[in-house]
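J.: Got a file for you: upload_13.cif, mmCIF, C-alpha atoms.
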data_work
#
loop_
_atom_site.label_atom_id
_atom_site.label_comp_id
_atom_site.auth_asym_id
_atom_site.auth_seq_id
_atom_site.Cartn_x
_atom_site.Cartn_y
_atom_site.Cartn_z
CA MET X 1 1.24 25.58 7.47
CA ILE X 2 1.51 24.23 3.91
CA ASN X 3 -1.69 22.16 4.26
CA GLY X 4 -4.09 25.06 3.98
CA ALA X 5 -2.07 26.71 1.23
CA VAL X 6 -1.57 23.78 -1.19
CA ALA X 7 -4.52 24.42 -3.51
CA ALA X 8 -3.98 28.20 -3.42
CA ILE X 9 -0.31 27.81 -4.35
CA GLN X 10 -1.18 25.57 -7.29
CA GLY X 11 -3.70 28.14 -8.52
CA GLU X 12 -1.44 31.15 -7.88
CA PHE X 13 1.55 29.81 -9.79
CA GLY X 14 -0.24 27.48 -12.22
CA VAL X 15 1.95 24.45 -11.53
CA ASP X 16 1.21 20.78 -12.25
CA ASP X 17 1.02 17.96 -9.69
CA ALA X 18 4.71 17.07 -9.97
CA VAL X 19 5.91 20.64 -9.31
CA LEU X 20 3.33 21.05 -6.55
CA GLY X 21 4.57 17.87 -4.86
CA PHE X 22 8.16 19.08 -5.10
CA ALA X 23 7.24 22.49 -3.64
CA VAL X 24 5.49 20.86 -0.67
CA ALA X 25 8.25 18.30 -0.13
CA SER X 26 11.17 20.70 -0.68
CA ALA X 27 11.21 21.57 3.02
CA LEU X 28 12.06 17.96 3.70
CA LEU X 29 15.20 18.16 1.58
CA GLY X 30 16.35 20.98 3.83
CA ALA X 31 15.31 18.93 6.86
CA ALA X 32 17.46 15.99 5.75
CA ALA X 33 20.46 18.28 5.24
CA GLY X 34 19.87 20.01 8.58
CA ALA X 35 19.56 16.69 10.39
CA MET X 36 22.79 15.36 8.85
CA THR X 37 24.79 18.31 10.13
CA ALA X 38 23.04 19.16 13.40
CA GLY X 39 24.66 16.50 15.56
CA ARG X 40 28.20 17.41 14.56
CA ILE X 41 27.54 21.14 14.98
CA ALA X 42 25.95 20.53 18.39
CA ASP X 43 29.02 18.55 19.47
CA ARG X 44 31.16 21.59 18.61
CA ILE X 45 29.15 24.62 19.76
CA GLY X 46 26.57 23.12 22.14
CA ARG X 47 22.92 22.12 22.05
CA VAL X 48 21.40 25.47 23.02
CA LYS X 49 23.25 27.50 20.37
CA VAL X 50 22.02 25.09 17.70
CA MET X 51 18.44 25.67 18.88
CA LYS X 52 18.91 29.41 18.39
CA ILE X 53 20.21 28.79 14.86
CA ALA X 54 17.07 26.75 14.12
CA ALA X 55 14.87 29.60 15.39
CA ALA X 56 16.60 32.06 13.05
CA LEU X 57 16.07 29.71 10.10
CA PHE X 58 12.36 29.40 10.93
CA PHE X 59 11.99 33.19 11.01
CA LEU X 60 13.77 33.67 7.68
CA SER X 61 11.66 30.95 6.08
CA ALA X 62 8.45 32.67 7.17
CA VAL X 63 9.44 35.90 5.44
CA VAL X 64 10.70 34.32 2.20
CA THR X 65 7.71 32.01 1.70
CA ALA X 66 5.15 34.71 2.56
CA PHE X 67 6.47 37.14 -0.05
CA ALA X 68 7.58 34.59 -2.68
CA PRO X 69 6.94 35.98 -6.22
CA SER X 70 7.33 32.56 -7.83
CA VAL X 71 7.03 28.91 -6.89
CA TRP X 72 10.82 28.52 -6.98
CA ILE X 73 11.39 31.33 -4.45
CA LEU X 74 8.76 29.58 -2.35
CA VAL X 75 10.80 26.39 -2.65
CA ILE X 76 13.93 28.23 -1.45
CA GLY X 77 12.02 29.57 1.54
CA ARG X 78 10.74 26.11 2.39
CA ILE X 79 14.23 24.61 2.13
CA ILE X 80 15.49 27.26 4.58
CA GLY X 81 12.68 26.35 6.98
CA GLY X 82 13.44 22.69 6.40
CA LEU X 83 17.01 23.21 7.56
CA GLY X 84 15.57 24.54 10.81
CA VAL X 85 13.23 21.57 11.09
CA GLY X 86 16.07 19.11 10.57
CA VAL X 87 18.28 20.82 13.12
CA ALA X 88 15.49 21.00 15.70
CA SER X 89 14.46 17.38 15.09
CA VAL X 90 17.93 16.18 16.06
CA ILE X 91 18.70 18.53 18.89
CA ALA X 92 15.40 18.26 20.79
CA PRO X 93 15.40 14.49 21.47
CA ALA X 94 19.14 14.51 22.18
CA TYR X 95 18.84 17.41 24.62
CA ILE X 96 15.79 15.92 26.38
CA ALA X 97 17.48 12.52 26.74
CA GLU X 98 20.67 14.12 28.09
CA THR X 99 18.84 16.14 30.73
CA SER X 100 16.27 13.56 31.92
CA PRO X 101 16.36 10.95 34.72
CA ALA X 102 16.05 7.39 33.36
CA ARG X 103 12.80 6.70 35.25
CA VAL X 104 10.88 9.44 33.41
CA ARG X 105 12.98 9.82 30.26
CA GLY X 106 10.29 8.21 28.09
CA ARG X 107 7.62 10.63 29.24
CA LEU X 108 9.88 13.65 28.86
CA GLY X 109 11.11 12.43 25.47
CA SER X 110 7.49 12.08 24.35
CA LEU X 111 7.07 15.82 24.93
CA GLN X 112 8.98 16.24 21.65
CA GLN X 113 6.10 14.58 19.79
CA LEU X 114 3.50 16.38 21.91
CA ALA X 115 5.10 19.67 20.87
CA ILE X 116 5.01 18.55 17.23
CA VAL X 117 1.32 17.61 17.28
CA LEU X 118 0.37 20.75 19.21
CA GLY X 119 2.25 22.73 16.57
CA ILE X 120 0.40 20.90 13.80
CA PHE X 121 -2.93 21.64 15.49
CA LEU X 122 -2.14 25.34 15.93
CA ALA X 123 -0.87 25.60 12.35
CA LEU X 124 -3.99 23.99 10.92
CA LEU X 125 -6.24 26.06 13.20
CA VAL X 126 -4.52 29.27 12.04
CA ASP X 127 -4.92 28.10 8.43
CA TYR X 128 -8.63 27.53 9.01
CA VAL X 129 -9.20 30.86 10.77
CA LEU X 130 -7.33 32.89 8.14
CA ALA X 131 -9.15 31.14 5.28
CA GLU X 132 -12.53 31.71 6.98
CA ILE X 133 -11.82 35.42 7.57
CA ALA X 134 -10.69 35.94 3.97
CA GLY X 135 -13.37 33.75 2.41
CA GLY X 136 -10.85 31.24 1.06
CA ALA X 137 -7.12 30.57 1.08
CA SER X 138 -6.71 32.35 -2.29
CA ALA X 139 -8.70 35.43 -1.28
CA THR X 140 -7.00 38.70 -0.28
CA LEU X 141 -6.87 39.22 3.48
CA TRP X 142 -4.86 42.19 4.85
CA PHE X 143 -2.53 44.72 3.20
CA GLY X 144 -3.11 43.22 -0.23
CA LEU X 145 -1.73 39.80 0.74
CA GLU X 146 -3.69 36.61 0.13
CA ALA X 147 -4.68 34.45 3.11
CA TRP X 148 -2.18 31.71 2.17
CA ARG X 149 0.67 34.22 2.41
CA TRP X 150 -0.46 35.21 5.90
CA MET X 151 -0.43 31.51 6.80
CA PHE X 152 3.31 31.44 6.12
CA LEU X 153 3.91 34.85 7.71
CA SER X 154 2.37 33.63 10.96
CA MET X 155 5.35 31.27 11.38
CA MET X 156 7.37 34.25 12.64
CA VAL X 157 5.57 34.08 15.99
CA PRO X 158 6.66 30.58 17.11
CA ALA X 159 10.12 31.20 15.63
CA VAL X 160 10.61 34.19 17.93
CA VAL X 161 9.18 32.33 20.93
CA TYR X 162 11.50 29.37 20.29
CA GLY X 163 14.56 31.59 20.05
CA VAL X 164 13.69 33.48 23.24
CA LEU X 165 12.91 30.36 25.28
CA ALA X 166 16.10 28.63 24.11
CA SER X 167 18.00 31.42 25.90
CA THR X 168 16.46 30.42 29.24
CA ILE X 169 17.53 26.76 29.48
CA PRO X 170 20.85 25.26 30.66
CA GLU X 171 23.36 23.59 28.36
CA SER X 172 23.40 19.77 28.24
CA PRO X 173 25.58 18.40 31.06
CA ARG X 174 26.92 15.69 28.75
CA TYR X 175 28.09 18.33 26.27
CA LEU X 176 29.72 20.26 29.12
CA VAL X 177 31.55 17.14 30.32
CA ALA X 178 32.62 16.32 26.76
CA THR X 179 34.16 19.79 26.42
CA HIS X 180 35.85 19.52 29.86
CA ARG X 181 33.69 22.21 31.50
CA ILE X 182 33.22 20.12 34.63
CA PRO X 183 32.28 22.92 37.08
CA GLU X 184 29.47 24.06 34.74
CA ALA X 185 28.34 20.46 34.27
CA ARG X 186 28.25 20.00 38.05
CA LYS X 187 26.00 23.07 38.43
CA VAL X 188 23.60 21.90 35.72
CA LEU X 189 23.43 18.35 37.08
CA THR X 190 22.72 19.74 40.55
CA LEU X 191 19.94 21.90 39.09
CA LEU X 192 18.43 18.96 37.21
CA PHE X 193 18.91 16.01 39.55
CA GLY X 194 20.06 17.35 42.92
CA GLU X 195 23.37 16.54 44.61
CA LYS X 196 22.82 12.80 45.15
CA ASN X 197 25.48 10.66 43.41
CA LEU X 198 26.68 13.76 41.55
CA GLU X 199 30.34 12.77 41.23
CA LEU X 200 29.37 9.22 40.28
CA THR X 201 27.16 10.56 37.49
CA ILE X 202 29.95 12.79 36.17
CA GLY X 203 32.37 9.88 36.33
CA ARG X 204 30.04 7.63 34.34
CA ILE X 205 29.54 10.34 31.71
CA GLU X 206 33.31 10.84 31.45
CA ASP X 207 33.86 7.11 31.12
CA SER X 208 31.24 6.77 28.38
CA LEU X 209 32.84 9.61 26.43
CA LYS X 210 36.43 8.43 26.67
CA GLY X 211 38.24 7.84 23.40
CA ASP X 212 41.32 8.79 21.49
CA VAL X 213 39.52 10.86 18.86
CA LYS X 214 36.71 13.37 18.57
CA PRO X 215 33.23 12.16 17.48
CA SER X 216 33.20 11.28 13.78
CA TRP X 217 31.01 9.63 11.15
CA LYS X 218 33.62 6.87 11.19
CA ASP X 219 32.55 6.06 14.74
CA LEU X 220 29.40 4.52 13.28
CA ARG X 221 31.41 1.80 11.55
CA ARG X 222 32.44 -1.45 13.22
CA PRO X 223 36.14 -2.41 13.22
CA THR X 224 35.17 -5.38 11.02
CA GLY X 225 33.39 -3.11 8.52
CA GLY X 226 29.84 -1.89 8.02
CA LEU X 227 27.62 0.11 10.37
CA TYR X 228 26.88 -1.04 13.89
CA PRO X 229 23.52 -2.89 13.98
CA ILE X 230 22.08 -0.29 16.38
CA VAL X 231 22.66 2.40 13.75
CA TRP X 232 20.71 0.37 11.17
CA VAL X 233 17.88 -0.15 13.67
CA GLY X 234 17.64 3.60 14.31
CA LEU X 235 17.74 4.41 10.59
CA LEU X 236 15.01 1.90 9.70
CA LEU X 237 12.83 3.01 12.62
CA SER X 238 13.00 6.51 11.15
CA VAL X 239 12.19 5.34 7.62
CA PHE X 240 9.20 3.23 8.70
CA GLN X 241 7.81 6.11 10.77
CA GLN X 242 7.39 8.10 7.56
CA ALA X 243 6.77 5.28 5.05
CA VAL X 244 3.32 4.59 6.53
CA GLY X 245 2.20 7.92 5.04
CA ILE X 246 1.35 9.87 8.19
CA ASN X 247 2.38 13.19 6.68
CA VAL X 248 0.09 12.69 3.71
CA ILE X 249 -2.67 13.29 6.26
CA PHE X 250 -1.07 16.47 7.59
CA TYR X 251 0.29 17.95 4.34
CA TYR X 252 -2.48 17.05 1.91
CA SER X 253 -5.62 16.27 3.93
CA ASN X 254 -7.47 19.37 2.70
CA VAL X 255 -6.77 18.46 -0.92
CA LEU X 256 -7.57 14.81 -0.20
CA TRP X 257 -10.98 15.47 1.34
CA GLU X 258 -11.86 18.05 -1.31
CA ALA X 259 -10.96 15.46 -3.96
CA VAL X 260 -13.59 13.07 -2.60
CA GLY X 261 -16.39 15.61 -2.39
CA PHE X 262 -16.00 17.71 0.77
CA ALA X 263 -16.16 21.52 0.48
CA GLU X 264 -13.03 23.56 1.33
CA SER X 265 -14.40 24.80 4.66
CA ARG X 266 -15.51 21.29 5.66
CA SER X 267 -12.10 19.90 4.67
CA PHE X 268 -10.40 22.45 6.94
CA GLN X 269 -12.65 21.39 9.82
CA ILE X 270 -11.89 17.69 9.30
CA THR X 271 -8.17 18.44 9.23
CA VAL X 272 -8.32 20.43 12.49
CA PHE X 273 -10.33 17.63 14.14
CA THR X 274 -7.73 15.07 13.03
CA SER X 275 -4.96 17.14 14.61
CA VAL X 276 -6.91 17.21 17.90
CA VAL X 277 -7.13 13.41 17.77
CA ASN X 278 -3.37 13.34 17.25
CA ILE X 279 -2.80 15.43 20.37
CA ALA X 280 -5.07 13.23 22.51
CA THR X 281 -3.37 10.00 21.45
CA THR X 282 0.10 11.47 22.00
CA ILE X 283 -0.90 12.25 25.59
CA VAL X 284 -1.97 8.62 25.96
CA ALA X 285 1.48 7.54 24.76
CA ILE X 286 3.17 9.84 27.29
CA LEU X 287 1.19 8.22 30.10
CA LEU X 288 2.01 4.67 28.94
CA ILE X 289 5.56 4.74 27.58
CA ASP X 290 7.39 4.41 30.91
CA ARG X 291 4.82 1.92 32.25
CA ILE X 292 4.47 -0.67 29.49
CA GLY X 293 7.58 0.17 27.48
CA ARG X 294 8.52 1.27 23.96
CA ARG X 295 8.28 -2.05 22.12
CA PRO X 296 4.65 -2.98 23.04
CA LEU X 297 3.45 0.45 21.90
CA LEU X 298 5.23 0.10 18.54
CA LEU X 299 3.78 -3.38 17.94
CA THR X 300 0.25 -2.26 18.80
CA GLY X 301 0.57 0.78 16.57
CA SER X 302 1.82 -1.24 13.61
CA ILE X 303 -1.11 -3.65 13.82
CA GLY X 304 -3.64 -0.81 14.03
CA MET X 305 -2.05 1.17 11.20
CA THR X 306 -2.00 -1.89 8.92
CA ILE X 307 -5.73 -2.49 9.42
CA THR X 308 -6.81 1.15 9.06
CA LEU X 309 -4.65 1.88 6.03
CA ALA X 310 -5.89 -1.30 4.32
CA THR X 311 -9.45 -0.14 5.00
CA MET X 312 -8.74 3.23 3.37
CA ALA X 313 -7.12 1.45 0.41
CA VAL X 314 -10.28 -0.61 -0.12
CA CYS X 315 -12.57 2.43 0.22
CA PHE X 316 -10.64 4.55 -2.28
CA GLY X 317 -9.74 1.64 -4.56
CA THR X 318 -13.36 0.56 -5.04
CA ALA X 319 -14.87 4.07 -5.26
CA GLU X 320 -16.60 5.21 -8.43
CA GLN X 321 -14.42 7.44 -10.63
CA VAL X 322 -16.14 10.68 -11.67
CA PRO X 323 -14.78 13.67 -13.65
CA ASN X 324 -13.96 16.85 -11.70
CA ALA X 325 -14.16 20.46 -12.97
CA GLU X 326 -10.94 19.99 -14.96
CA GLY X 327 -12.19 16.75 -16.51
CA THR X 328 -9.83 14.56 -14.47
CA LEU X 329 -11.31 11.40 -12.95
CA GLU X 330 -11.40 11.34 -9.15
CA PRO X 331 -12.89 8.82 -6.68
CA GLU X 332 -16.29 9.67 -5.21
CA LEU X 333 -17.00 8.11 -1.83
CA SER X 334 -20.72 7.42 -1.86
CA GLY X 335 -22.93 5.71 0.71
CA VAL X 336 -21.12 4.34 3.75
CA SER X 337 -17.67 4.41 2.12
CA GLY X 338 -17.22 8.12 2.94
CA PRO X 339 -17.83 7.79 6.70
CA ILE X 340 -15.81 4.55 6.81
CA ALA X 341 -12.81 6.22 5.12
CA LEU X 342 -13.10 9.21 7.46
CA VAL X 343 -13.21 7.00 10.56
CA ALA X 344 -10.33 4.85 9.26
CA ALA X 345 -8.20 7.94 8.60
CA ASN X 346 -8.70 9.18 12.14
CA LEU X 347 -8.14 5.73 13.67
CA PHE X 348 -4.90 5.57 11.67
CA VAL X 349 -3.86 8.83 13.35
CA VAL X 350 -4.87 7.34 16.72
CA PHE X 351 -2.65 4.28 16.28
CA PHE X 352 0.25 6.36 14.94
CA GLY X 353 -0.09 9.02 17.64
CA MET X 354 0.00 6.47 20.48
CA SER X 355 3.00 4.63 19.10
CA TRP X 356 5.26 5.44 16.17
CA GLY X 357 4.88 9.21 16.49
CA PRO X 358 6.32 9.72 20.00
CA VAL X 359 8.06 6.37 20.59
CA VAL X 360 10.47 6.62 17.67
CA TRP X 361 11.65 10.06 18.83
CA VAL X 362 12.16 8.70 22.35
CA LEU X 363 14.14 5.72 21.06
CA LEU X 364 16.30 7.87 18.80
CA GLY X 365 17.17 10.12 21.72
CA GLU X 366 18.12 7.26 24.08
CA MET X 367 19.08 4.12 22.14
CA PHE X 368 22.52 5.20 20.92
CA PRO X 369 25.62 5.13 23.16
CA ASN X 370 26.93 8.54 24.26
CA ARG X 371 30.01 8.17 22.06
CA ILE X 372 28.08 8.01 18.78
CA ARG X 373 24.77 9.68 19.71
CA GLY X 374 25.32 12.89 17.76
CA ALA X 375 26.35 11.20 14.51
CA ALA X 376 23.91 8.27 14.77
CA LEU X 377 20.95 10.49 15.61
CA SER X 378 21.83 12.80 12.73
CA LEU X 379 21.94 9.89 10.29
CA ALA X 380 18.65 8.45 11.55
CA ALA X 381 16.89 11.83 11.44
CA ALA X 382 18.23 12.49 7.94
CA GLY X 383 16.85 9.12 6.85
CA GLN X 384 13.52 10.06 8.36
CA TRP X 385 13.32 13.32 6.47
CA ALA X 386 14.46 11.65 3.24
CA ALA X 387 11.67 9.07 3.58
CA ASN X 388 9.24 11.87 4.42
CA TRP X 389 10.34 13.68 1.25
CA ALA X 390 9.82 10.59 -0.93
CA ILE X 391 6.31 9.99 0.44
CA THR X 392 5.34 13.66 0.23
CA VAL X 393 6.68 14.41 -3.25
CA SER X 394 5.06 11.31 -4.71
CA PHE X 395 1.57 11.72 -3.26
CA PRO X 396 0.07 14.24 -5.75
CA SER X 397 0.98 11.95 -8.65
CA LEU X 398 -0.15 8.85 -6.73
CA LYS X 399 -3.44 10.59 -5.94
CA THR X 400 -4.00 11.17 -9.65
CA PHE X 401 -3.02 7.58 -10.46
CA SER X 402 -4.94 5.77 -7.70
CA LEU X 403 -5.63 6.62 -4.07
CA GLY X 404 -6.38 2.95 -3.48
CA PHE X 405 -2.88 2.02 -4.63
CA ALA X 406 -1.31 4.78 -2.50
CA TYR X 407 -2.96 3.66 0.73
CA GLY X 408 -2.33 0.01 -0.13
CA MET X 409 1.37 0.83 -0.36
CA TYR X 410 1.30 2.60 3.02
CA ALA X 411 -0.50 -0.42 4.53
CA ALA X 412 2.25 -2.70 3.22
CA PHE X 413 4.89 -0.53 4.92
CA ALA X 414 2.89 -0.66 8.17
CA LEU X 415 2.90 -4.46 8.01
CA LEU X 416 6.66 -4.48 7.36
CA SER X 417 7.14 -2.18 10.37
CA LEU X 418 5.40 -4.80 12.54
CA LEU X 419 7.78 -7.52 11.36
CA PHE X 420 10.79 -5.24 11.82
CA VAL X 421 9.97 -4.30 15.43
CA SER X 422 9.17 -7.88 16.43
CA ARG X 423 12.58 -9.02 15.15
CA PHE X 424 15.07 -6.20 15.70
CA VAL X 425 13.87 -3.60 18.26
CA HIS X 426 14.77 -4.20 21.92
CA GLU X 427 13.27 -2.58 24.99
CA THR X 428 15.12 0.39 26.56
CA LYS X 429 12.68 1.26 29.35
CA GLY X 430 14.48 2.15 32.58
CA MET X 431 18.02 1.90 31.17
CA SER X 432 20.47 4.75 31.80
CA LEU X 433 22.14 6.34 28.79
CA GLU X 434 25.51 5.11 30.04
CA ASP X 435 24.19 1.52 29.97
CA MET X 436 23.60 1.74 26.21
CA ASP X 437 27.30 1.18 25.46
CA ALA X 438 27.28 -2.34 26.87
CA ALA X 439 23.77 -3.12 25.62
CA THR X 440 24.57 -2.26 22.00
CA GLY X 441 28.14 -3.55 21.82
CA VAL X 442 29.59 -0.27 20.51
CA GLY X 443 33.23 0.01 21.46
CA ARG X 444 35.40 3.07 21.68
CA PRO X 445 37.06 4.27 18.50
CA THR X 446 40.81 4.02 18.30
CA SER X 447 41.66 5.54 14.94
CA ALA X 448 41.63 9.13 13.79
CA ALA X 449 38.69 10.46 11.80
#
Can you turn what I pasted into structure tokens?
T.:
Amino acid sequence: MINGAVAAIQGEFGVDDAVLGFAVASALLGAAAGAMTAGRIADRIGRVKVMKIAAALFFLSAVVTAFAPSVWILVIGRIIGGLGVGVASVIAPAYIAETSPARVRGRLGSLQQLAIVLGIFLALLVDYVLAEIAGGASATLWFGLEAWRWMFLSMMVPAVVYGVLASTIPESPRYLVATHRIPEARKVLTLLFGEKNLELTIGRIEDSLKGDVKPSWKDLRRPTGGLYPIVWVGLLLSVFQQAVGINVIFYYSNVLWEAVGFAESRSFQITVFTSVVNIATTIVAILLIDRIGRRPLLLTGSIGMTITLATMAVCFGTAEQVPNAEGTLEPELSGVSGPIALVAANLFVVFFGMSWGPVVWVLLGEMFPNRIRGAALSLAAAGQWAANWAITVSFPSLKTFSLGFAYGMYAAFALLSLLFVSRFVHETKGMSLEDMDAATGVGRPTSAA
């Protein structure tokens, strides 16, 4: 929702680029904290209860941000919402992986990203509609509240829906086995997979969870010292997913396109169109991920993102600098450079949406052994939100310095992601979660936390 409100917030509270960047990115600090704690909490109270906590945090965030009297109260509201985002980002892929058959786990895991991009589309569409009705994001809409405040207030609707729907789904069978609630686990497994090989499945889950201690952060460390390599792979996958700058498109695209000459209404339309492209490409990934695998999609995406981001870097880096209304120099995309940059931006979303968007979430949900999944997924998700925060908080200042430099930096990260996947990421298509223990070499812990 922040995309359509960025310029209005800056005008309302009179803040500079640095404070604006912090206000936008503050939600990501909460997301990192939420992600770090979600796995451990879910191991104690269950996956479904954690989802309900996330829903409550989303609702509270909507109210606080909508009625914020200052930018710092707005920041507090966004941090609260960020906690919900972090919690949900960990619990959704873990829950989906733990309740999915191996043959379709990739497709079902990709639904996490499909839900994200659908949410982005609906958020940006609501932003656009509210701004159009009011005559601008800063204009008063209903009951004396500006349109940008209604943008935040609208978040109450999906928060309530999320909380209600979380009450209708079964608890994860792996959590039930881990807490020795075998009869309940048997019922859920029968509901999900039928009665075939039921006792064998329970036995394999029990075997994968055996250990002398409860799950702990110390489980992530090898007996010889340092983190298990699979933990580093998950963490760096998360960092690269954000380091390519995808959320610059979805947090700042209105400001970005206005900065290069598009009117506010036109910028809203471009942003909504980009989110539709994101949905379409995510559907493509869902159809392909269990057919061609995770690794080929990541490699293809990295190549495409490198080329498109480099194209945007050239367009913005070579554009003529002209003064805006405040006297600050901004790039003006004249001639064919404007359409080329617009096409490159949307092709970048295409390559990200068919690869790094959904595939990373699928891998994070399935690549870790059962014994360390909660802690490892929490660490990886926290790293993702921390990288997201760094990219988001720095963009307003980078935009003022040089958009060409900013997109050149994102292109360099995309190239590094290609090298990383080709060297360190292994295919997990068709593997059961219980097979991950042997595949990753993670042993059972033997010392107390």
J.: Just how far from atom CA of X:Thr428 is atom CA of X:Arg222, in Å to one decimal?
T.: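 Atom-to-atom, atom CA of X:Arg222 and atom CA of X:Thr428 are spaced 21.9 Å apart.
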J.: Mind telling me what the PyMOL selection byres ((chain X and resi 305) around 7) catches here, as a list in words?
T.: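 Selected by the PyMOL selection byres ((chain X and resi 305) around 7) in this file: Gly301, Ser302, Ile303, Gly304, Thr306, Ile307, Thr308, Leu309, Phe348, Phe351, Phe352 and Ala414 of chain X.
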J.: So what do you get for atom CA of X:Ser275 versus atom CA of X:Ala5, distance-wise?
T.: 16.7 Å
J.: Take the PyMOL selection byres ((chain X and resi 98-110) around 7), run it mentally on this structure, and tell me the resulting residues as a PDB file with C-alpha atoms, in the frame of the given file.
T.:
ATOM      1  CA  PRO X  93      15.400  14.490  21.470  1.00  0.00           C
ATOM      2  CA  ALA X  94      19.140  14.510  22.180  1.00  0.00           C
ATOM      3  CA  TYR X  95      18.840  17.410  24.620  1.00  0.00           C
ATOM      4  CA  ILE X  96      15.790  15.920  26.380  1.00  0.00           C
ATOM      5  CA  ALA X  97      17.480  12.520  26.740  1.00  0.00           C
ATOM      6  CA  LEU X 111       7.070  15.820  24.930  1.00  0.00           C
ATOM      7  CA  GLN X 112       8.980  16.240  21.650  1.00  0.00           C
ATOM      8  CA  GLN X 113       6.100  14.580  19.790  1.00  0.00           C
ATOM      9  CA  LEU X 114       3.500  16.380  21.910  1.00  0.00           C
ATOM     10  CA  SER X 172      23.400  19.770  28.240  1.00  0.00           C
ATOM     11  CA  ARG X 174      26.920  15.690  28.750  1.00  0.00           C
ATOM     12  CA  ILE X 286       3.170   9.840  27.290  1.00  0.00           C
ATOM     13  CA  LEU X 287       1.190   8.220  30.100  1.00  0.00           C
ATOM     14  CA  ILE X 289       5.560   4.740  27.580  1.00  0.00           C
ATOM     15  CA  ASP X 290       7.390   4.410  30.910  1.00  0.00           C
ATOM     16  CA  PRO X 358       6.320   9.720  20.000  1.00  0.00           C
ATOM     17  CA  VAL X 359       8.060   6.370  20.590  1.00  0.00           C
ATOM     18  CA  VAL X 362      12.160   8.700  22.350  1.00  0.00           C
ATOM     19  CA  GLY X 430      14.480   2.150  32.580  1.00  0.00           C
ATOM     20  CA  MET X 431      18.020   1.900  31.170  1.00  0.00           C
ATOM     21  CA  SER X 432      20.470   4.750  31.800  1.00  0.00           C
TER      22      SER X 432
END
J.: Can you turn the PyMOL selection byres ((chain X and resi 402-405) around 9) into a concrete residue list for this file, as a list in words?
T.: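 Applied to this file, the PyMOL selection byres ((chain X and resi 402-405) around 9) returns Ala310, Met312, Ala313, Val314, Cys315, Phe316, Gly317, Thr318, Ala319, Glu330, Pro331, Phe395, Ser397, Leu398, Lys399, Thr400, Phe401, Ala406, Tyr407, Gly408, Met409 and Tyr410 of chain X.
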J.: Between atom CA of X:Arg266 and atom CA of X:Ser337, what distance in Å does the model show, to one decimal?
T.: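 Separation between atom CA of X:Arg266 and atom CA of X:Ser337: 17.4 Å.
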J.: Box along x, y and z, 4 Å on every side, all listed atoms of stretch 90-102 of chain X inside: centre and edge lengths in Å to one decimal, as JSON.
T.:
{"center_x": 18.0, "center_y": 13.0, "center_z": 25.4, "size_x": 13.3, "size_y": 19.1, "size_z": 26.7}
